[in-house]
Each structure stands twice: as C-alpha cells, then as structure tokens.
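Raw contents of protein.cif, mmCIF, C-alpha atoms:
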```cif
data_upload
loop_
_atom_site.label_atom_id
_atom_site.label_comp_id
_atom_site.auth_asym_id
_atom_site.auth_seq_id
_atom_site.Cartn_x
_atom_site.Cartn_y
_atom_site.Cartn_z
CA MET L 62 10.61 34.31 -15.32
CA PRO L 63 10.23 35.05 -11.58
CA ARG L 64 10.85 38.73 -10.84
CA GLU L 65 13.90 39.80 -8.85
CA LEU L 66 12.94 40.66 -5.27
CA PRO L 67 13.96 43.91 -3.56
CA PRO L 68 16.63 43.53 -0.84
CA GLY L 69 15.26 42.17 2.42
CA GLN L 70 12.22 40.47 0.86
CA GLU L 71 13.79 37.13 0.01
CA GLY L 72 12.05 33.93 1.06
CA TYR L 73 9.22 31.65 0.00
CA TRP L 74 6.37 33.89 1.12
CA ALA L 75 7.77 37.09 -0.37
CA ALA L 76 8.61 35.30 -3.60
CA ALA L 77 5.16 33.74 -3.79
CA THR L 78 3.46 37.12 -3.29
CA THR L 79 5.51 38.69 -6.03
CA ASP L 80 5.11 35.79 -8.46
CA LEU L 81 1.34 35.57 -7.97
CA ALA L 82 0.99 39.23 -8.85
CA THR L 83 2.58 38.61 -12.25
CA LEU L 84 0.22 35.79 -13.31
CA THR L 85 -2.74 36.28 -15.63
CA GLY L 86 -5.98 34.34 -15.84
CA ASP L 87 -4.96 32.82 -19.17
CA GLU L 88 -1.69 31.52 -17.67
CA LEU L 89 -3.52 29.93 -14.74
CA HIS L 90 -6.06 28.32 -17.07
CA ALA L 91 -3.29 26.92 -19.29
CA ALA L 92 -1.52 25.50 -16.24
CA ALA L 93 -4.77 23.90 -15.02
CA VAL L 94 -5.23 22.18 -18.38
CA GLN L 95 -1.65 20.83 -18.25
CA PHE L 96 -2.15 19.66 -14.65
CA GLN L 97 -5.34 17.78 -15.54
CA SER L 98 -3.64 16.13 -18.51
CA LYS L 99 -0.72 15.12 -16.22
CA THR L 100 1.85 16.93 -18.34
CA LYS L 101 4.66 19.12 -17.05
CA ILE L 102 3.58 22.69 -16.34
CA SER L 103 5.49 24.86 -18.79
CA ASN L 104 5.08 28.18 -16.97
CA PRO L 105 8.21 28.52 -14.78
CA VAL L 106 6.50 30.82 -12.25
CA ILE L 107 3.61 28.40 -11.62
CA HIS L 108 6.01 25.43 -11.62
CA THR L 109 8.10 27.11 -8.89
CA LEU L 110 4.99 27.97 -6.85
CA ILE L 111 3.76 24.37 -6.94
CA ASN L 112 7.15 23.03 -5.88
CA ASN L 113 7.22 25.47 -2.95
CA MET L 114 3.70 24.43 -1.95
CA ARG L 115 4.75 20.78 -1.92
CA ILE L 116 7.77 21.57 0.25
CA ILE L 117 5.61 23.44 2.75
CA SER L 118 2.84 20.84 2.74
CA SER L 119 5.33 18.01 3.34
CA PHE L 120 5.28 19.03 7.01
CA ASN L 121 1.48 18.72 7.23
CA PRO L 122 0.26 15.25 8.35
CA GLU L 123 -1.65 13.27 5.69
CA SER L 124 -1.11 15.98 3.05
CA TYR L 125 -0.13 15.22 -0.53
CA GLY L 126 3.23 16.84 0.12
CA GLU L 127 3.88 14.48 3.03
CA LYS L 128 3.01 11.49 0.85
CA ILE L 129 5.55 12.60 -1.76
CA LYS L 130 8.18 13.11 0.96
CA LEU L 131 7.62 9.63 2.39
CA ARG L 132 7.73 8.02 -1.06
CA ASN L 133 11.01 9.77 -1.82
CA LEU L 134 12.43 8.50 1.48
CA ILE L 135 11.46 4.92 0.55
CA PHE L 136 12.91 5.30 -2.96
CA GLY L 137 16.12 6.64 -1.41
CA LYS L 138 16.37 3.58 0.84
CA ILE L 139 15.75 1.30 -2.15
CA GLY L 140 18.51 3.08 -4.08
CA ARG L 141 20.93 2.61 -1.17
CA LEU L 142 19.90 -0.81 0.22
CA GLY L 143 18.10 -2.52 -2.66
CA ILE L 144 14.55 -3.83 -2.79
CA PRO L 145 13.01 -4.49 0.64
CA LEU L 146 12.34 -8.20 1.08
CA ILE L 147 9.74 -8.00 3.86
CA TRP L 148 6.38 -6.23 3.83
CA PHE L 149 4.37 -6.09 7.06
CA THR L 150 1.13 -4.67 8.44
CA LEU L 151 0.14 -4.64 12.12
CA ASN L 152 -3.37 -4.02 13.48
CA PRO L 153 -3.11 -4.19 17.30
CA ARG L 154 -6.57 -4.86 18.71
CA ASP L 155 -7.24 -1.89 20.96
CA ILE L 156 -11.02 -1.77 21.35
CA GLY L 157 -11.98 -3.61 24.53
CA ASN L 158 -8.36 -4.57 25.26
CA ILE L 159 -7.59 -5.21 28.93
CA PHE L 160 -4.12 -3.64 28.51
CA VAL L 161 -5.63 -0.29 27.52
CA VAL L 162 -7.92 -0.41 30.55
CA LYS L 163 -4.95 -1.16 32.82
CA LEU L 164 -3.11 1.84 31.37
CA ALA L 165 -6.15 3.93 32.30
CA GLY L 166 -5.80 2.79 35.91
CA GLU L 167 -9.22 1.16 35.92
CA ASP L 168 -9.85 -1.77 38.27
CA VAL L 169 -11.53 -4.41 36.11
CA ARG L 170 -11.86 -8.08 36.93
CA LEU L 171 -12.12 -10.47 33.98
CA ASP L 172 -14.73 -12.53 35.80
CA ASP L 173 -17.06 -9.55 36.37
CA THR L 174 -20.51 -9.65 34.80
CA GLY L 175 -20.64 -7.64 31.55
CA VAL L 176 -16.86 -7.20 31.50
CA ARG L 177 -16.62 -7.13 27.68
CA SER L 178 -19.14 -4.28 27.41
CA ARG L 179 -17.37 -2.32 30.13
CA LEU L 180 -13.98 -2.79 28.48
CA LEU L 181 -15.41 -1.54 25.18
CA LYS L 182 -16.79 1.62 26.79
CA LEU L 183 -13.58 2.34 28.70
CA THR L 184 -11.35 2.09 25.62
CA LEU L 185 -13.68 4.26 23.51
CA LYS L 186 -13.57 6.93 26.25
CA ASN L 187 -9.74 6.97 26.30
CA PRO L 188 -8.40 7.57 22.75
CA SER L 189 -5.10 8.92 24.10
CA LEU L 190 -4.52 5.70 26.00
CA VAL L 191 -5.35 3.69 22.88
CA ALA L 192 -2.56 5.64 21.14
CA LEU L 193 -0.22 4.94 24.08
CA TYR L 194 -1.08 1.24 23.89
CA PHE L 195 -0.37 1.25 20.14
CA HIS L 196 2.97 2.99 20.71
CA THR L 197 3.91 0.45 23.40
CA ILE L 198 3.07 -2.53 21.17
CA ILE L 199 4.85 -1.15 18.08
CA THR L 200 7.97 -0.17 20.05
CA ALA L 201 8.16 -3.65 21.55
CA PHE L 202 7.62 -5.16 18.09
CA PHE L 203 10.66 -3.41 16.64
CA ASP L 204 12.82 -3.86 19.75
CA CYS L 205 12.09 -7.57 20.18
CA PHE L 206 11.47 -8.85 16.65
CA PHE L 207 13.71 -6.64 14.46
CA ARG L 208 16.58 -5.94 16.89
CA CYS L 209 18.24 -3.45 14.55
CA LEU L 210 20.07 -1.56 17.30
CA SER L 211 21.72 -4.69 18.70
CA LYS L 212 22.60 -6.02 15.20
CA GLU L 213 21.26 -9.41 16.32
CA ALA L 214 19.03 -11.67 14.27
CA GLY L 215 15.29 -11.21 14.75
CA ILE L 216 12.35 -13.31 13.63
CA PHE L 217 13.06 -12.50 9.95
CA GLY L 218 16.85 -12.69 10.20
CA THR L 219 19.24 -9.77 10.60
CA ILE L 220 17.40 -6.55 9.69
CA SER L 221 19.60 -3.73 8.40
CA SER L 222 16.84 -1.13 8.14
CA TYR L 223 13.08 -0.67 8.14
CA PHE L 224 10.48 1.94 7.25
CA GLY L 225 6.96 2.22 8.64
CA VAL L 226 4.00 4.58 8.36
CA VAL L 227 1.18 4.80 10.92
CA GLU L 228 -2.35 5.24 9.60
CA SER L 229 -5.75 5.55 11.24
CA THR L 230 -9.13 4.28 10.12
CA THR L 231 -12.32 6.34 10.11
CA ARG L 232 -12.90 5.38 13.75
CA MET L 233 -9.28 6.33 14.55
CA MET L 234 -8.01 2.76 14.94
CA LEU L 235 -4.24 2.89 14.44
CA HIS L 236 -2.34 0.43 12.27
CA LEU L 237 1.14 0.24 10.76
CA HIS L 238 2.38 -0.55 7.24
CA GLY L 239 6.07 -1.01 6.55
CA PHE L 240 9.08 -2.50 4.76
CA ALA L 241 12.15 -4.26 6.15
CA TRP L 242 15.55 -4.72 4.52
CA LEU L 243 17.55 -7.83 5.38
CA SER L 244 21.28 -7.62 5.97
CA GLY L 245 23.17 -8.69 2.86
CA ASN L 246 20.11 -7.93 0.72
CA PHE L 247 20.41 -10.06 -2.43
CA GLY L 248 19.37 -8.98 -5.91
CA ALA L 249 15.61 -9.43 -5.73
CA ALA L 250 15.14 -7.94 -9.20
CA ASN L 251 16.84 -11.02 -10.75
CA LEU L 252 15.56 -13.53 -8.20
CA SER L 253 13.20 -15.38 -10.57
CA GLU L 254 16.02 -16.34 -12.94
CA ARG L 255 18.15 -17.62 -10.06
CA LEU L 256 15.26 -19.66 -8.62
CA VAL L 257 14.72 -21.44 -11.92
CA ALA L 258 18.43 -22.07 -12.52
CA ASP L 259 19.60 -23.05 -9.00
CA ASN L 260 17.60 -25.84 -7.32
CA GLN L 261 19.61 -25.77 -4.10
CA PHE L 262 19.08 -22.02 -3.70
CA ARG L 263 15.38 -22.46 -4.50
CA ASP L 264 14.93 -25.08 -1.76
CA ARG L 265 16.77 -22.96 0.80
CA LEU L 266 14.70 -19.89 -0.02
CA ILE L 267 11.39 -21.76 0.19
CA THR L 268 12.43 -23.18 3.57
CA TYR L 269 13.20 -19.64 4.77
CA ILE L 270 9.88 -18.22 3.54
CA GLN L 271 7.97 -21.10 5.16
CA SER L 272 9.63 -20.24 8.46
CA ILE L 273 8.42 -16.61 8.45
CA VAL L 274 5.15 -16.64 6.46
CA LYS L 275 2.30 -19.13 6.72
CA GLU L 276 -0.78 -19.49 4.51
CA THR L 277 -2.11 -22.63 6.19
CA VAL L 278 -4.48 -23.05 9.12
CA ASP L 279 -6.17 -25.94 10.91
CA LEU L 280 -9.65 -24.61 11.73
CA THR L 281 -10.57 -27.76 13.67
CA LEU L 282 -7.57 -27.28 15.94
CA GLY L 283 -8.35 -23.56 16.17
CA GLN L 284 -11.92 -24.26 17.32
CA ARG L 285 -10.61 -26.49 20.11
CA PHE L 286 -8.78 -23.48 21.53
CA ALA L 287 -11.54 -20.94 20.82
CA THR L 288 -12.29 -18.74 23.82
CA THR L 289 -14.51 -15.82 24.71
CA GLU L 290 -11.81 -14.07 26.72
CA PRO L 291 -11.51 -10.28 26.24
CA PRO L 292 -8.69 -9.05 23.94
CA GLY L 293 -5.37 -8.94 25.75
CA SER L 294 -6.31 -11.46 28.42
CA ALA L 295 -4.94 -14.55 26.64
CA THR L 296 -1.18 -15.16 26.65
CA PHE L 297 1.31 -17.63 25.25
CA ARG L 298 3.18 -19.00 28.25
CA ILE L 299 6.73 -20.39 28.00
CA PRO L 300 7.74 -22.43 31.08
CA ASP L 301 11.43 -22.43 31.99
CA SER L 302 11.53 -26.20 31.55
CA MET L 303 10.21 -26.10 27.97
CA THR L 304 12.60 -27.65 25.42
CA PRO L 305 13.12 -26.12 21.93
CA GLU L 306 11.03 -28.88 20.34
CA GLU L 307 8.23 -28.40 22.87
CA PHE L 308 8.35 -24.66 22.24
CA LYS L 309 8.11 -25.22 18.47
CA ASP L 310 5.07 -27.48 18.88
CA ALA L 311 3.38 -25.13 21.37
CA LEU L 312 4.02 -22.12 19.12
CA SER L 313 2.50 -23.93 16.14
CA ILE L 314 -0.67 -24.81 18.10
CA ASP L 315 -1.06 -21.37 19.70
CA SER L 316 -0.37 -19.34 16.53
CA ASN L 317 -2.80 -21.55 14.63
CA SER L 318 -5.42 -20.85 17.29
CA VAL L 319 -4.92 -17.09 16.92
CA ALA L 320 -4.87 -17.25 13.10
CA ALA L 321 -8.14 -19.19 13.06
CA LYS L 322 -9.78 -16.29 14.90
CA VAL L 323 -8.16 -13.14 13.46
CA GLN L 324 -6.57 -14.03 10.09
CA MET L 325 -9.65 -15.23 8.22
CA HIS L 326 -10.83 -12.82 5.52
CA THR L 327 -14.52 -11.92 5.42
CA HIS L 328 -15.96 -9.98 2.49
CA SER L 329 -17.25 -6.51 3.38
CA HIS L 330 -17.67 -3.06 1.84
CA THR L 331 -13.93 -2.54 2.39
CA CYS L 332 -13.32 -5.07 -0.38
CA THR L 333 -14.92 -2.74 -2.93
CA LYS L 334 -14.38 0.74 -1.54
CA TYR L 335 -12.22 1.76 -4.53
CA GLN L 336 -14.57 0.25 -7.11
CA ARG L 337 -16.30 2.56 -9.54
CA GLY L 338 -20.03 2.64 -10.00
CA SER L 339 -22.99 3.14 -7.71
CA MET L 340 -23.33 1.29 -4.42
CA GLU L 341 -26.40 -0.50 -5.80
CA ALA L 342 -24.43 -1.85 -8.76
CA ARG L 343 -21.61 -3.00 -6.50
CA VAL L 344 -24.00 -4.77 -4.13
CA LYS L 345 -25.53 -6.71 -7.02
CA THR L 346 -22.08 -7.98 -8.00
CA ARG L 347 -20.74 -10.96 -6.07
CA ARG L 348 -18.21 -9.67 -3.55
CA GLU L 349 -15.74 -12.45 -4.32
CA ASP L 350 -15.63 -11.33 -7.97
CA ILE L 351 -14.40 -7.82 -7.16
CA CYS L 352 -12.56 -8.18 -3.82
CA ARG L 353 -9.53 -5.88 -3.97
CA PHE L 354 -7.68 -8.27 -1.63
CA LEU L 355 -8.10 -11.03 -4.27
CA PHE L 356 -10.02 -13.41 -2.00
CA PRO L 357 -10.83 -16.24 -2.35
CA LYS L 358 -7.31 -17.30 -3.28
CA PRO L 359 -6.54 -20.63 -4.99
CA LEU L 360 -5.32 -23.55 -2.91
CA VAL L 361 -1.71 -24.71 -3.32
CA PRO L 362 -0.96 -28.29 -2.18
CA GLU L 363 2.76 -27.64 -1.63
CA SER L 364 5.21 -24.77 -1.99
CA ILE L 365 6.67 -24.55 -5.50
CA VAL L 366 8.50 -22.28 -7.92
CA THR L 367 6.84 -22.16 -11.33
CA ALA L 368 8.69 -22.30 -14.63
CA ASP L 369 8.22 -18.51 -14.90
CA GLY L 370 9.88 -17.91 -11.52
CA PHE L 371 6.73 -17.30 -9.45
CA ILE L 372 6.89 -18.49 -5.83
CA ARG L 373 3.66 -20.24 -4.80
CA MET L 374 3.56 -21.03 -1.09
CA GLN L 375 1.44 -23.83 0.35
CA ARG L 376 -2.14 -22.69 1.01
CA ASN L 377 -4.88 -24.92 2.45
CA HIS L 378 -7.70 -22.39 2.86
CA LEU L 379 -9.32 -19.97 0.41
CA PHE L 380 -9.65 -17.14 2.94
CA ILE L 381 -6.62 -17.35 5.24
CA ASN L 382 -4.48 -14.21 5.27
CA LYS L 383 -0.70 -14.58 5.47
CA TYR L 384 0.69 -14.50 9.01
CA ASN L 385 3.84 -15.00 11.05
CA PRO L 386 3.55 -17.54 13.92
CA VAL L 387 5.64 -15.50 16.39
CA ILE L 388 3.69 -12.28 15.76
CA SER L 389 0.41 -14.17 16.07
CA SER L 390 1.28 -15.62 19.46
CA ALA L 391 3.00 -12.51 20.83
CA ILE L 392 0.66 -9.70 19.73
CA ARG L 393 -2.42 -11.84 19.04
CA CYS L 394 -3.85 -9.49 16.44
CA ASN L 395 -4.61 -9.36 12.74
CA HIS L 396 -1.48 -8.69 10.69
CA ASP L 397 0.03 -9.29 7.29
CA VAL L 398 3.54 -10.45 6.39
CA ASN L 399 4.80 -10.93 2.87
CA PHE L 400 8.05 -11.86 1.16
CA THR L 401 8.00 -9.21 -1.59
CA PRO L 402 9.90 -10.89 -4.49
CA THR L 403 7.46 -13.81 -4.91
CA SER L 404 6.83 -12.62 -8.48
CA PRO L 405 9.19 -11.75 -11.36
CA ARG L 406 7.33 -8.41 -11.41
CA VAL L 407 8.83 -7.50 -8.04
CA LEU L 408 9.62 -3.88 -9.04
CA ALA L 409 5.98 -3.23 -9.92
CA ALA L 410 4.88 -4.94 -6.70
CA VAL L 411 7.19 -2.82 -4.52
CA TYR L 412 6.10 0.35 -6.34
CA TYR L 413 2.46 -0.53 -5.60
CA MET L 414 3.29 -1.29 -1.95
CA THR L 415 5.14 2.04 -1.68
CA ASN L 416 2.07 3.91 -2.90
CA TYR L 417 -0.14 1.86 -0.58
CA VAL L 418 1.95 2.47 2.53
CA THR L 419 1.91 6.25 1.83
CA LYS L 420 -1.68 6.53 0.58
#
```
Give the structure from the file, written as structure tokens.
Amino acid sequence: MPRELPPGQEGYWAAATTDLATLTGDELHAAAVQFQSKTKISNPVIHTLINNMRIISSFNPESYGEKIKLRNLIFGKIGRLGIPLIWFTLNPRDIGNIFVVKLAGEDVRLDDTGVRSRLLKLTLKNPSLVALYFHTIITAFFDCFFRCLSKEAGIFGTISSYFGVVESTTRMMLHLHGFAWLSGNFGAANLSERLVADNQFRDRLITYIQSIVKETVDLTLGQRFATTEPPGSATFRIPDSMTPEEFKDALSIDSNSVAAKVQMHTHSHTCTKYQRGSMEARVKTRREDICRFLFPKPLVPESIVTADGFIRMQRNHLFINKYNPVISSAIRCNHDVNFTPTSPRVLAAVYYMTNYVTK
C-alpha cells in the first residue's frame, strides 16, 4: 500500500517520489508482464502511479493521456445524448490557396504568369497563416452550417451538440474529424429493427439521408466545369433573383463539379499504412485488395434497406467518396460525411469512429 506522507508533502509529485522508493525490480517486472498481457496491474502502488501519469499527460497535446481524456468526453456525450448520428471530416485546401495569401497581405493577381507556383511558395512560408485560415473556415462551418447557438436548423437539421478534434498530417496540413448529435436523437441502437418493420419511417429516413449525403457523381458534367483556377478562387454565386428551384439546380451542378475534382479516391501508400509486412510485400499486392478505405466500393442502383436492416445508399461510381452538396460548394474541399447508423452494428461502428477521431 502507498506509504503515508509526512505533513506538508502531500501532492502527486511528493506521493510519486515516495511510492517509487518503495518499489523493487521484481515488482516492476511483474507489472510490465501484466501490462504487456493487457491485464489489470495488481500492484496498488504502480496502479496509482500509472493513473497519475495519465492524468498529468492528459494536458499534453497528442499524448496517450489526452486521447483517453477525449474518448471519455465522447463516451460521456453518448451516455447523455445518445449515439451521434452524423460523422464528418473536413480537409480545407490550404496549400496554394488565394485566401491564405490574402491573409498574408500579399498582392497577387490571378492572371499573373506562374501564379500557382507563387501561391504554393507563399503558403508554405506562412504556416501560422495556414492555421489562421483553417480556424476561419472551421469557425464559419460551425456557425453557418450547425447553428447550435441560435438553435436554428442547419444543413443536417437542428444540431444539439457536436464534438471535433483537429489533427495534422506529416506536412502539418490541418484537418478536422467530428461527431454531431441531432436534436431529438432517436434510438439508433434499435434503428435496424424499426427500418424493417415500418415502411413509412424507412422511406422518410432514406429521403433525409439522400438530402445530406451523396455517393453519386456525374463525371461528364464535372469535366465540363473543370478549371485550372488556383484553390480559393472559384466561388458559388447566388444572385438575388435566383428562385429556390434554380438554386437547387445550380447547387447540384456546382457541387457535382467540385466532387468530380476532390472527392474521387485514388489508391496510394496511405491506403496500406497500417498493413503489416514489408513494403516490398505490400507493393506486390494489388492496392484495391488491401485498401483500408474499402475502395473500390460496390455500385448500388438505388437506395434500399436490406432484410437485415442495412442501409445501402445509391452509388454510381466505385471510387466516389461520400459528400454533402452544400459543403462541397461552400468550402470546395475534400470532406467526408456519414450517417452513422447505416448498419445494425452501429455501436461497433461508433466505437471505431471514436478511436479514429482520437487516434
């Protein structure tokens, strides 16, 4: 048992110093064996020390302790609000973006010779401005599309809460993973049974999912609108005289154009970065056989609910990634949107997503 501390020496650090002095090599070796076998550490002194280390490390960015803290926060939200129905990922395109250059105060004309190369160099030289650009885009995303503070409906409906984690790639490109809870969150854990039993509810839910997530793209139409404009220079314009039907048609065309350029999956080393084995062995294997993103994905002629309660949304291309039309046209970047309870194994899916968002 941990020794009693003299008066005035209470606290984590004093306790840790005292407890460490009591441990023997045999006790540490036994604890290491239990840790490797993923069993509970039986020594109460070592168990207390590890818990204290996790508490302290939870304040260190990207530490294991922080990951555990974030996962517990998500589990707490799930316990209070239910299973999150929306999963999202945003990858704002910062490299060579004209917005980042404008934030830097640089005078760049889009018709200048070699403008794309100059934009690339300027953004790489200003990582702090890239972070500012990311913050601006993400703040606008939540303010305009989620509208939690105003309690108004956003692009997914009325959002009661959300949770997001910012990550960076090896080249420090920022991106966001997150969950969103809809107001009046229904029982997603039993959704498959209700979909099979209630045809009217099934049709309404499929209509809703089709309005927020698309897995279809017209590449021919996308090629018609293909441009070589630098990132951030193209916009989706909405004239004051545009009617709701005209807006719907224009949004469909524009979002399709963006999706055709930024939502198409291409196999790369990222597909296999968690695969075991040597690089040579992985290269010899066909990438599509081991892609961790499960591409190519089977085509689905029309949206259906299977007899087992699986939701299969219409898909007309093997390599199109799921996207939201409004996000595509507004932010014009690669992103991912998913309705989480598309499978009866929704609890396992959300657990995996929780680990992924806090990896």
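Here atom CA of Asp315 of chain L stands at a distance of 9.5 Å from atom CA of Val387 of chain L.
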Notebook entry, point to check: Can you list what the PyMOL selection byres ((chain L and resi 350-364) around 12) grabs from this structure, as a PyMOL selection string?
Noted result: chain L and resi 263-264+266-271+274-277+325-337+342-349+365-367+371-383+397+403
Store the residues picked out above in a file with C-alpha atoms, as a PDB file, in the coordinates of the input.
```pdb
ATOM      1  CA  ARG L 263      15.380 -22.460  -4.500  1.00  0.00           C
ATOM      2  CA  ASP L 264      14.930 -25.080  -1.760  1.00  0.00           C
ATOM      3  CA  LEU L 266      14.700 -19.890  -0.020  1.00  0.00           C
ATOM      4  CA  ILE L 267      11.390 -21.760   0.190  1.00  0.00           C
ATOM      5  CA  THR L 268      12.430 -23.180   3.570  1.00  0.00           C
ATOM      6  CA  TYR L 269      13.200 -19.640   4.770  1.00  0.00           C
ATOM      7  CA  ILE L 270       9.880 -18.220   3.540  1.00  0.00           C
ATOM      8  CA  GLN L 271       7.970 -21.100   5.160  1.00  0.00           C
ATOM      9  CA  VAL L 274       5.150 -16.640   6.460  1.00  0.00           C
ATOM     10  CA  LYS L 275       2.300 -19.130   6.720  1.00  0.00           C
ATOM     11  CA  GLU L 276      -0.780 -19.490   4.510  1.00  0.00           C
ATOM     12  CA  THR L 277      -2.110 -22.630   6.190  1.00  0.00           C
ATOM     13  CA  MET L 325      -9.650 -15.230   8.220  1.00  0.00           C
ATOM     14  CA  HIS L 326     -10.830 -12.820   5.520  1.00  0.00           C
ATOM     15  CA  THR L 327     -14.520 -11.920   5.420  1.00  0.00           C
ATOM     16  CA  HIS L 328     -15.960  -9.980   2.490  1.00  0.00           C
ATOM     17  CA  SER L 329     -17.250  -6.510   3.380  1.00  0.00           C
ATOM     18  CA  HIS L 330     -17.670  -3.060   1.840  1.00  0.00           C
ATOM     19  CA  THR L 331     -13.930  -2.540   2.390  1.00  0.00           C
ATOM     20  CA  CYS L 332     -13.320  -5.070  -0.380  1.00  0.00           C
ATOM     21  CA  THR L 333     -14.920  -2.740  -2.930  1.00  0.00           C
ATOM     22  CA  LYS L 334     -14.380   0.740  -1.540  1.00  0.00           C
ATOM     23  CA  TYR L 335     -12.220   1.760  -4.530  1.00  0.00           C
ATOM     24  CA  GLN L 336     -14.570   0.250  -7.110  1.00  0.00           C
ATOM     25  CA  ARG L 337     -16.300   2.560  -9.540  1.00  0.00           C
ATOM     26  CA  ALA L 342     -24.430  -1.850  -8.760  1.00  0.00           C
ATOM     27  CA  ARG L 343     -21.610  -3.000  -6.500  1.00  0.00           C
ATOM     28  CA  VAL L 344     -24.000  -4.770  -4.130  1.00  0.00           C
ATOM     29  CA  LYS L 345     -25.530  -6.710  -7.020  1.00  0.00           C
ATOM     30  CA  THR L 346     -22.080  -7.980  -8.000  1.00  0.00           C
ATOM     31  CA  ARG L 347     -20.740 -10.960  -6.070  1.00  0.00           C
ATOM     32  CA  ARG L 348     -18.210  -9.670  -3.550  1.00  0.00           C
ATOM     33  CA  GLU L 349     -15.740 -12.450  -4.320  1.00  0.00           C
ATOM     34  CA  ILE L 365       6.670 -24.550  -5.500  1.00  0.00           C
ATOM     35  CA  VAL L 366       8.500 -22.280  -7.920  1.00  0.00           C
ATOM     36  CA  THR L 367       6.840 -22.160 -11.330  1.00  0.00           C
ATOM     37  CA  PHE L 371       6.730 -17.300  -9.450  1.00  0.00           C
ATOM     38  CA  ILE L 372       6.890 -18.490  -5.830  1.00  0.00           C
ATOM     39  CA  ARG L 373       3.660 -20.240  -4.800  1.00  0.00           C
ATOM     40  CA  MET L 374       3.560 -21.030  -1.090  1.00  0.00           C
ATOM     41  CA  GLN L 375       1.440 -23.830   0.350  1.00  0.00           C
ATOM     42  CA  ARG L 376      -2.140 -22.690   1.010  1.00  0.00           C
ATOM     43  CA  ASN L 377      -4.880 -24.920   2.450  1.00  0.00           C
ATOM     44  CA  HIS L 378      -7.700 -22.390   2.860  1.00  0.00           C
ATOM     45  CA  LEU L 379      -9.320 -19.970   0.410  1.00  0.00           C
ATOM     46  CA  PHE L 380      -9.650 -17.140   2.940  1.00  0.00           C
ATOM     47  CA  ILE L 381      -6.620 -17.350   5.240  1.00  0.00           C
ATOM     48  CA  ASN L 382      -4.480 -14.210   5.270  1.00  0.00           C
ATOM     49  CA  LYS L 383      -0.700 -14.580   5.470  1.00  0.00           C
ATOM     50  CA  ASP L 397       0.030  -9.290   7.290  1.00  0.00           C
ATOM     51  CA  THR L 403       7.460 -13.810  -4.910  1.00  0.00           C
TER      52      THR L 403
END
```
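With all atoms listed in the file as the atoms that count, the residue of L:Thr401, L:Cys209, L:Asn152, L:His396 with the shortest distance to Thr230 of chain L is L:Asn152.
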Notebook entry, point to check: Got a sec: who's within 8 Å of segment 310-312 of chain L, counting all atoms listed in the file, leaving out chain neighbours fewer than 4 positions off, as a VMD selection string?
Noted result: chain L and resid 306 316 386 to 387 390
Checklist line | Distance of atom CA of His236 of chain L from atom CA of Phe195 of chain L, expressed in Å to one decimal place | finding: 8.2 Å
Item checked: Atomic separation - atom CA of Ala91 of chain L relative to atom CA of Ser118 of chain L, Å -> 23.7 Å
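The residue that comes closest to Ala258 of chain L, out of L:Leu84, L:Gly370, L:Phe203, L:Val106 and on the basis of all atoms listed in the file, is L:Gly370.
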Next item on the list: Might you pull out every residue within 10 Å of Cys394 of chain L, with all atoms listed in the file counted and same-chain residues fewer than 6 positions away left off, and present them as a count of residues only?
Entry: 13
Next item on the list: Check what the PyMOL selection byres ((chain L and resi 190) around 10) selects in the file above and give those residues as an MDAnalysis selection string.
Entry: chainID L and resid 155 160:165 184:189 191:196
Restrict the selected residues to C-alpha atoms and save them as an mmCIF file, in the coordinates of the input.
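Done, and the output landed in part-v3.cif:
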```
data_model
loop_
_atom_site.group_PDB
_atom_site.id
_atom_site.type_symbol
_atom_site.label_atom_id
_atom_site.label_comp_id
_atom_site.auth_asym_id
_atom_site.auth_seq_id
_atom_site.Cartn_x
_atom_site.Cartn_y
_atom_site.Cartn_z
ATOM 1 C CA ASP L 155 -7.240 -1.890 20.960
ATOM 2 C CA PHE L 160 -4.120 -3.640 28.510
ATOM 3 C CA VAL L 161 -5.630 -0.290 27.520
ATOM 4 C CA VAL L 162 -7.920 -0.410 30.550
ATOM 5 C CA LYS L 163 -4.950 -1.160 32.820
ATOM 6 C CA LEU L 164 -3.110 1.840 31.370
ATOM 7 C CA ALA L 165 -6.150 3.930 32.300
ATOM 8 C CA THR L 184 -11.350 2.090 25.620
ATOM 9 C CA LEU L 185 -13.680 4.260 23.510
ATOM 10 C CA LYS L 186 -13.570 6.930 26.250
ATOM 11 C CA ASN L 187 -9.740 6.970 26.300
ATOM 12 C CA PRO L 188 -8.400 7.570 22.750
ATOM 13 C CA SER L 189 -5.100 8.920 24.100
ATOM 14 C CA VAL L 191 -5.350 3.690 22.880
ATOM 15 C CA ALA L 192 -2.560 5.640 21.140
ATOM 16 C CA LEU L 193 -0.220 4.940 24.080
ATOM 17 C CA TYR L 194 -1.080 1.240 23.890
ATOM 18 C CA PHE L 195 -0.370 1.250 20.140
ATOM 19 C CA HIS L 196 2.970 2.990 20.710
#
```
Checklist line | the PyMOL selection byres ((chain L and resi 413-420) around 9) resolved against shown file, as a PyMOL selection string | finding: chain L and resi 123+125+127-129+131-132+135-136+148+225-228+237-240+408-412
Next item on the list: Could you give me, as a list of chain:residue names, the residues within 12 Å of Met114 of chain L, counting all atoms listed in the file and dropping anything in the same chain fewer than 5 positions from it?
Entry: L:Tyr73, L:Trp74, L:Ala77, L:Ile107, L:His108, L:Thr109, L:Ser119, L:Phe120, L:Asn121, L:Ser124, L:Tyr125, L:Gly126, L:Glu127, L:Ile129
Item checked: Proximity to Asn317 of chain L - best of L:Asp279, L:Asp369, L:Glu213, L:Asp301, all atoms listed in the file -> L:Asp279
Regenerate segment 247-256 of chain L at the level of N, CA and C atoms and dump it as a CSV table (one decimal), keeping the file's coordinate frame.
```csv
chain,number,residue,atom,x,y,z
L,247,PHE,N,20.0,-9.5,-1.1
L,247,PHE,CA,20.4,-10.1,-2.4
L,247,PHE,C,19.6,-9.4,-3.5
L,248,GLY,N,20.0,-9.6,-4.8
L,248,GLY,CA,19.4,-9.0,-5.9
L,248,GLY,C,18.0,-9.5,-6.2
L,249,ALA,N,17.0,-8.9,-5.6
L,249,ALA,CA,15.6,-9.4,-5.7
L,249,ALA,C,15.1,-9.2,-7.1
L,250,ALA,N,15.6,-8.2,-7.9
L,250,ALA,CA,15.1,-7.9,-9.2
L,250,ALA,C,15.4,-9.1,-10.2
L,251,ASN,N,16.5,-9.9,-9.9
L,251,ASN,CA,16.8,-11.0,-10.8
L,251,ASN,C,16.6,-12.4,-10.0
L,252,LEU,N,15.8,-12.3,-9.0
L,252,LEU,CA,15.6,-13.5,-8.2
L,252,LEU,C,14.9,-14.6,-9.0
L,253,SER,N,13.9,-14.3,-9.8
L,253,SER,CA,13.2,-15.4,-10.6
L,253,SER,C,14.1,-16.2,-11.4
L,254,GLU,N,15.1,-15.6,-12.1
L,254,GLU,CA,16.0,-16.3,-12.9
L,254,GLU,C,16.9,-17.3,-12.1
L,255,ARG,N,17.3,-16.8,-10.9
L,255,ARG,CA,18.2,-17.6,-10.1
L,255,ARG,C,17.4,-18.8,-9.5
L,256,LEU,N,16.1,-18.6,-9.2
L,256,LEU,CA,15.3,-19.7,-8.6
L,256,LEU,C,15.1,-20.8,-9.6
```
